[in-house]
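As structure tokens, the structure follows; a few thoughts come after it.
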Amino acid sequence: MSVWFLLLLCTVWPPAWSFRICAFNAQHFGDKKVASDDILDVVVKIVRRCDICLLQEVHDPKGVVVSKLVAALNRPDDAFLAVSSPSLGRKSYTEQYVFIYRSFRIRVRDQYKYEDDDPSAPDVFAREPYVIRFALESSAMQDLVIIPQHTEPEKASTELEALYDVFMDVRRRWNCKNIILMGDFNAGCKYLSKKKTKSLRLHTDPEIRWLISDSTDTTVKESTSCPYDRILVYGQKLTNLVESAGIYNFTKELDLSEAEALKVSDHYPVEMELDLILDGCRTLLPSLTLLILSFLATYHLV
Ligand SMILES: *[C@@H]1O[C@H](CO)[C@@H](O)[C@H](O)[C@H]1NC(C)=O
């Protein structure tokens, strides 16, 4: 009886999976920050909220900073993995994009660095997008691509215009229907006017939705209000799954002073939540098999 009941339950009413994706410019995230218990503690709380978290401005050529963060995140019942891009930059100053994700139901399927060698406009990006394709254990959405971007402030409009070419490149390459573009775009205040934002191909394409509005403040400083960090979604299925989006105000949520918060970063993370469904029947299979076996054993059928 209970076997059929469970099967019925997970077919009719599969477990919901509230799936959070975040982008956080962690401002010079390197040895010094990870060595400070107070800062590491806040970053761990921020990243733990997310099933997939993109960190930007990471300085970790040896991989020790990210290892330390992942070690601080991991618990017996909650495991994370990370993928780091190479150090990206034109001269000696470089940064990495780092994706940290819950390893239990998420897998990295593919990844590549955008070449940025278009003959008509080579080397547009100071930090070329490092694109990742994830496989999710959810029948609601199995295939997800994230294009990260941290623009150079003075070049925000040129880089964001070129980001559309990256988007097209990704679509040609993978034929993926669910694409997210996110990061510290510097898309506001003196770096990008509202008028300029509206003229971007990323904006005029009706199939791309901007989830973080021009009136959102993604900066920690009380004295500034700029919508620098953004999340854009492409694809009907993905767009329909979006439940909410906004900033995570860790000053308020973790009860910090402005000065304490600024030690962590000058940016707030931007986040979005998707309403997914877990492939429940698949996770129930081992217990179902056991149940059937014990049922058969009880009635001396095996
Ligand atoms: C974040 O929270 C602090 C503390 O409550 C508040 O003063 C600040 O205005 C908030 N910032 C944003 C961007 O919402």
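In the structure tokens, chains take letters A, B, ... by order of appearance, with residues numbered from 1 within each chain and ligands from 1 in the order shown.
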Using 7 Å as the limit and counting only C-alpha atoms, can you tabulate each residue of region 78-119 of chain A that touches region 134-155 of chain A, with its shortest atom-to-atom distance in Å and the two atoms involved, as a tab-separated table?
residue	atom	partner	partner_atom	distance
A:Arg105	CA	A:Glu137	CA	5.3
A:Ile106	CA	A:Leu136	CA	4.8
A:Arg107	CA	A:Ala135	CA	5.1
A:Val108	CA	A:Phe134	CA	4.6
A:Arg109	CA	A:Phe134	CA	5.3
Quiz prompt | Distance query Thr224 (chain A) at most 12 Å, only C-alpha atoms, self and fewer than 3 positions along chain excluded, as a ChimeraX atom specification | solution = /A:188-190,216-221,227-228,266-267
Can you write out the residues you just picked, keeping all heavy atoms, as a compact mmCIF listing (two decimals), in the first residue's frame?
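Here's the written file result31.txt:
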# COMPACT_ATOMS: atom_id res chain seq x y z
N GLY A 188 24.64 51.81 -14.40
CA GLY A 188 23.90 52.90 -13.79
C GLY A 188 24.78 54.07 -13.41
O GLY A 188 26.00 54.04 -13.64
N CYS A 189 24.14 55.08 -12.82
CA CYS A 189 24.81 56.31 -12.39
C CYS A 189 25.71 56.86 -13.50
O CYS A 189 25.30 56.86 -14.65
CB CYS A 189 25.55 56.09 -11.08
SG CYS A 189 24.38 55.89 -9.71
N LYS A 190 26.94 57.26 -13.17
CA LYS A 190 27.72 57.96 -14.19
C LYS A 190 28.25 57.04 -15.28
O LYS A 190 28.72 57.50 -16.32
CB LYS A 190 28.86 58.75 -13.55
CG LYS A 190 29.90 57.88 -12.90
CD LYS A 190 31.05 58.74 -12.35
CE LYS A 190 32.00 57.83 -11.61
NZ LYS A 190 32.87 58.43 -10.68
N THR A 216 16.68 50.15 -8.64
CA THR A 216 17.24 49.34 -7.54
C THR A 216 18.61 49.87 -7.15
O THR A 216 19.39 50.28 -8.00
CB THR A 216 17.37 47.87 -7.99
OG1 THR A 216 16.11 47.43 -8.49
CG2 THR A 216 17.79 46.97 -6.84
N ASP A 217 18.90 49.86 -5.86
CA ASP A 217 20.22 50.28 -5.38
C ASP A 217 21.00 49.02 -5.00
O ASP A 217 20.62 48.31 -4.07
CB ASP A 217 20.03 51.20 -4.17
CG ASP A 217 21.36 51.64 -3.57
OD1 ASP A 217 22.41 51.44 -4.22
OD2 ASP A 217 21.34 52.19 -2.45
N THR A 218 22.08 48.75 -5.72
CA THR A 218 22.87 47.56 -5.38
C THR A 218 24.16 47.92 -4.65
O THR A 218 25.05 47.10 -4.49
CB THR A 218 23.21 46.71 -6.64
OG1 THR A 218 24.18 47.39 -7.44
CG2 THR A 218 21.98 46.43 -7.49
N THR A 219 24.25 49.18 -4.20
CA THR A 219 25.47 49.61 -3.51
C THR A 219 25.25 49.64 -2.00
O THR A 219 24.17 49.96 -1.52
CB THR A 219 25.93 51.00 -3.97
OG1 THR A 219 24.94 51.97 -3.57
CG2 THR A 219 26.10 51.06 -5.47
N VAL A 220 26.30 49.33 -1.26
CA VAL A 220 26.21 49.26 0.20
C VAL A 220 26.24 50.65 0.83
O VAL A 220 25.54 50.91 1.81
CB VAL A 220 27.35 48.36 0.75
CG1 VAL A 220 27.42 48.42 2.27
CG2 VAL A 220 27.17 46.92 0.28
N LYS A 221 27.04 51.53 0.26
CA LYS A 221 27.17 52.88 0.84
C LYS A 221 25.82 53.59 0.89
O LYS A 221 25.09 53.63 -0.09
CB LYS A 221 28.12 53.72 -0.02
CG LYS A 221 29.56 53.62 0.38
CD LYS A 221 30.32 54.92 0.00
CE LYS A 221 31.80 54.70 0.08
NZ LYS A 221 32.39 54.29 -1.21
N PRO A 227 22.10 51.19 -9.75
CA PRO A 227 21.72 49.80 -10.10
C PRO A 227 22.84 49.11 -10.89
O PRO A 227 22.64 48.71 -12.03
CB PRO A 227 20.49 50.02 -10.99
CG PRO A 227 20.75 51.34 -11.66
CD PRO A 227 21.60 52.16 -10.74
N TYR A 228 24.00 48.98 -10.27
CA TYR A 228 25.16 48.44 -10.99
C TYR A 228 25.00 46.96 -11.34
O TYR A 228 25.39 46.53 -12.41
CB TYR A 228 26.43 48.60 -10.15
CG TYR A 228 26.91 50.02 -10.02
CD1 TYR A 228 27.56 50.47 -8.86
CD2 TYR A 228 26.76 50.92 -11.07
CE1 TYR A 228 28.02 51.77 -8.75
CE2 TYR A 228 27.22 52.23 -10.96
CZ TYR A 228 27.85 52.64 -9.80
OH TYR A 228 28.30 53.93 -9.69
N ASP A 266 31.47 46.55 -1.30
CA ASP A 266 30.71 47.78 -1.56
C ASP A 266 29.47 47.48 -2.39
O ASP A 266 28.72 48.38 -2.73
CB ASP A 266 31.59 48.86 -2.21
CG ASP A 266 32.32 48.36 -3.45
OD1 ASP A 266 32.26 47.14 -3.74
OD2 ASP A 266 32.93 49.19 -4.14
N HIS A 267 29.27 46.20 -2.73
CA HIS A 267 28.08 45.79 -3.50
C HIS A 267 27.21 44.85 -2.69
O HIS A 267 27.72 44.03 -1.92
CB HIS A 267 28.48 45.03 -4.77
CG HIS A 267 29.08 45.89 -5.83
ND1 HIS A 267 28.42 46.25 -6.98
CD2 HIS A 267 30.31 46.45 -5.93
CE1 HIS A 267 29.20 47.00 -7.73
NE2 HIS A 267 30.36 47.15 -7.12
Quiz item: A:Glu159, A:Glu115, A:Asp255, A:Asp205: which is nearest ligand 1, counting only C-alpha atoms and all ligand atoms?
Solution: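 Ranked by minimum distance to ligand 1, first place goes to A:Asp255.
CA of Tyr268 (chain A) sits 13.0 Å away from CA of Leu256 (chain A).
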Quiz item: Smallest atom-to-atom distance to ligand 1: which of A:Asp123, A:Asp275, A:Glu57, A:Glu253, using only C-alpha atoms and all ligand atoms?
Solution: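 Selected residue with least distance to ligand 1: A:Glu253.
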Quiz item: If you count only C-alpha atoms, which residues fall within 10 Å of Tyr93 (chain A), apart from same-chain ones fewer than 6 positions away, as a count of residues only?
Solution: 3
Exercise. One decimal, Å: what's the distance from CA of Leu40 (chain A) over to CA of Thr251 (chain A), could you say?
Key: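 Computed distance, CA of Leu40 (chain A) to CA of Thr251 (chain A), equals 14.8 Å.
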Self-check item: Surrounding residues of region 238-249 of chain A excluding itself and chain neighbours under 5 positions, 8 Å, only C-alpha atoms, as a PyMOL selection string
Solution: chain A and resi 141+178-179+209+211-212+216+218+233+268-276
With N, CA and C atoms kept, could you save the residues just selected as a PDB file, in the first residue's frame?
ATOM      1  N   MET A 141      13.327  22.260 -15.397  1.00  0.00           N
ATOM      2  CA  MET A 141      14.409  22.881 -16.166  1.00  0.00           C
ATOM      3  C   MET A 141      15.705  22.114 -15.914  1.00  0.00           C
ATOM      4  N   ASN A 178      17.628  28.216 -22.079  1.00  0.00           N
ATOM      5  CA  ASN A 178      17.536  28.960 -20.816  1.00  0.00           C
ATOM      6  C   ASN A 178      18.866  29.630 -20.524  1.00  0.00           C
ATOM      7  N   ILE A 179      18.888  30.952 -20.644  1.00  0.00           N
ATOM      8  CA  ILE A 179      20.162  31.653 -20.476  1.00  0.00           C
ATOM      9  C   ILE A 179      20.014  32.823 -19.505  1.00  0.00           C
ATOM     10  N   ARG A 209      14.611  39.554 -20.495  1.00  0.00           N
ATOM     11  CA  ARG A 209      13.956  40.314 -19.435  1.00  0.00           C
ATOM     12  C   ARG A 209      14.973  40.755 -18.396  1.00  0.00           C
ATOM     13  N   LEU A 211      15.662  41.752 -14.757  1.00  0.00           N
ATOM     14  CA  LEU A 211      14.954  41.492 -13.501  1.00  0.00           C
ATOM     15  C   LEU A 211      15.243  42.542 -12.423  1.00  0.00           C
ATOM     16  N   ILE A 212      16.401  43.183 -12.526  1.00  0.00           N
ATOM     17  CA  ILE A 212      16.740  44.198 -11.515  1.00  0.00           C
ATOM     18  C   ILE A 212      16.548  45.561 -12.184  1.00  0.00           C
ATOM     19  N   THR A 216      16.685  50.149  -8.642  1.00  0.00           N
ATOM     20  CA  THR A 216      17.237  49.341  -7.544  1.00  0.00           C
ATOM     21  C   THR A 216      18.609  49.869  -7.154  1.00  0.00           C
ATOM     22  N   THR A 218      22.081  48.749  -5.716  1.00  0.00           N
ATOM     23  CA  THR A 218      22.872  47.560  -5.380  1.00  0.00           C
ATOM     24  C   THR A 218      24.160  47.925  -4.647  1.00  0.00           C
ATOM     25  N   VAL A 233      17.291  37.533 -17.928  1.00  0.00           N
ATOM     26  CA  VAL A 233      16.933  36.158 -18.290  1.00  0.00           C
ATOM     27  C   VAL A 233      16.406  36.100 -19.712  1.00  0.00           C
ATOM     28  N   TYR A 268      25.892  44.936  -2.925  1.00  0.00           N
ATOM     29  CA  TYR A 268      24.995  43.900  -2.429  1.00  0.00           C
ATOM     30  C   TYR A 268      24.882  42.815  -3.489  1.00  0.00           C
ATOM     31  N   PRO A 269      24.671  41.573  -3.060  1.00  0.00           N
ATOM     32  CA  PRO A 269      24.400  40.526  -4.051  1.00  0.00           C
ATOM     33  C   PRO A 269      23.027  40.783  -4.686  1.00  0.00           C
ATOM     34  N   VAL A 270      22.899  40.441  -5.961  1.00  0.00           N
ATOM     35  CA  VAL A 270      21.569  40.401  -6.576  1.00  0.00           C
ATOM     36  C   VAL A 270      21.189  38.926  -6.692  1.00  0.00           C
ATOM     37  N   GLU A 271      19.893  38.677  -6.502  1.00  0.00           N
ATOM     38  CA  GLU A 271      19.447  37.286  -6.442  1.00  0.00           C
ATOM     39  C   GLU A 271      18.145  37.113  -7.202  1.00  0.00           C
ATOM     40  N   MET A 272      17.914  35.897  -7.652  1.00  0.00           N
ATOM     41  CA  MET A 272      16.583  35.580  -8.163  1.00  0.00           C
ATOM     42  C   MET A 272      16.200  34.188  -7.714  1.00  0.00           C
ATOM     43  N   GLU A 273      14.903  34.016  -7.546  1.00  0.00           N
ATOM     44  CA  GLU A 273      14.426  32.731  -7.086  1.00  0.00           C
ATOM     45  C   GLU A 273      13.557  32.098  -8.155  1.00  0.00           C
ATOM     46  N   LEU A 274      13.821  30.824  -8.427  1.00  0.00           N
ATOM     47  CA  LEU A 274      13.038  30.082  -9.415  1.00  0.00           C
ATOM     48  C   LEU A 274      12.199  29.041  -8.694  1.00  0.00           C
ATOM     49  N   ASP A 275      11.019  28.798  -9.234  1.00  0.00           N
ATOM     50  CA  ASP A 275      10.138  27.761  -8.707  1.00  0.00           C
ATOM     51  C   ASP A 275      10.364  26.485  -9.476  1.00  0.00           C
ATOM     52  N   LEU A 276      11.227  25.630  -8.979  1.00  0.00           N
ATOM     53  CA  LEU A 276      11.492  24.382  -9.695  1.00  0.00           C
ATOM     54  C   LEU A 276      10.785  23.216  -8.999  1.00  0.00           C
TER      55      LEU A 276
END
Would you kindly return, as a PDB file with C-alpha atoms, in the first residue's frame, each protein, DNA or RNA residue with an atom no farther than 10 Å from any atom of Pro206 (chain A), considering only C-alpha atoms and excluding same-chain residues fewer than 4 positions away?
ATOM      1  CA  ARG A 201      20.643  45.246 -27.883  1.00  0.00           C
ATOM      2  CA  LEU A 202      20.288  43.353 -24.611  1.00  0.00           C
ATOM      3  CA  TYR A 234      16.291  34.760 -21.734  1.00  0.00           C
TER       4      TYR A 234
END
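Considering the residues A:Pro15, A:Tyr114, A:Asp41, A:Glu128 and counting only C-alpha atoms, Met168 (chain A) has its shortest atom-to-atom contact with A:Tyr114.
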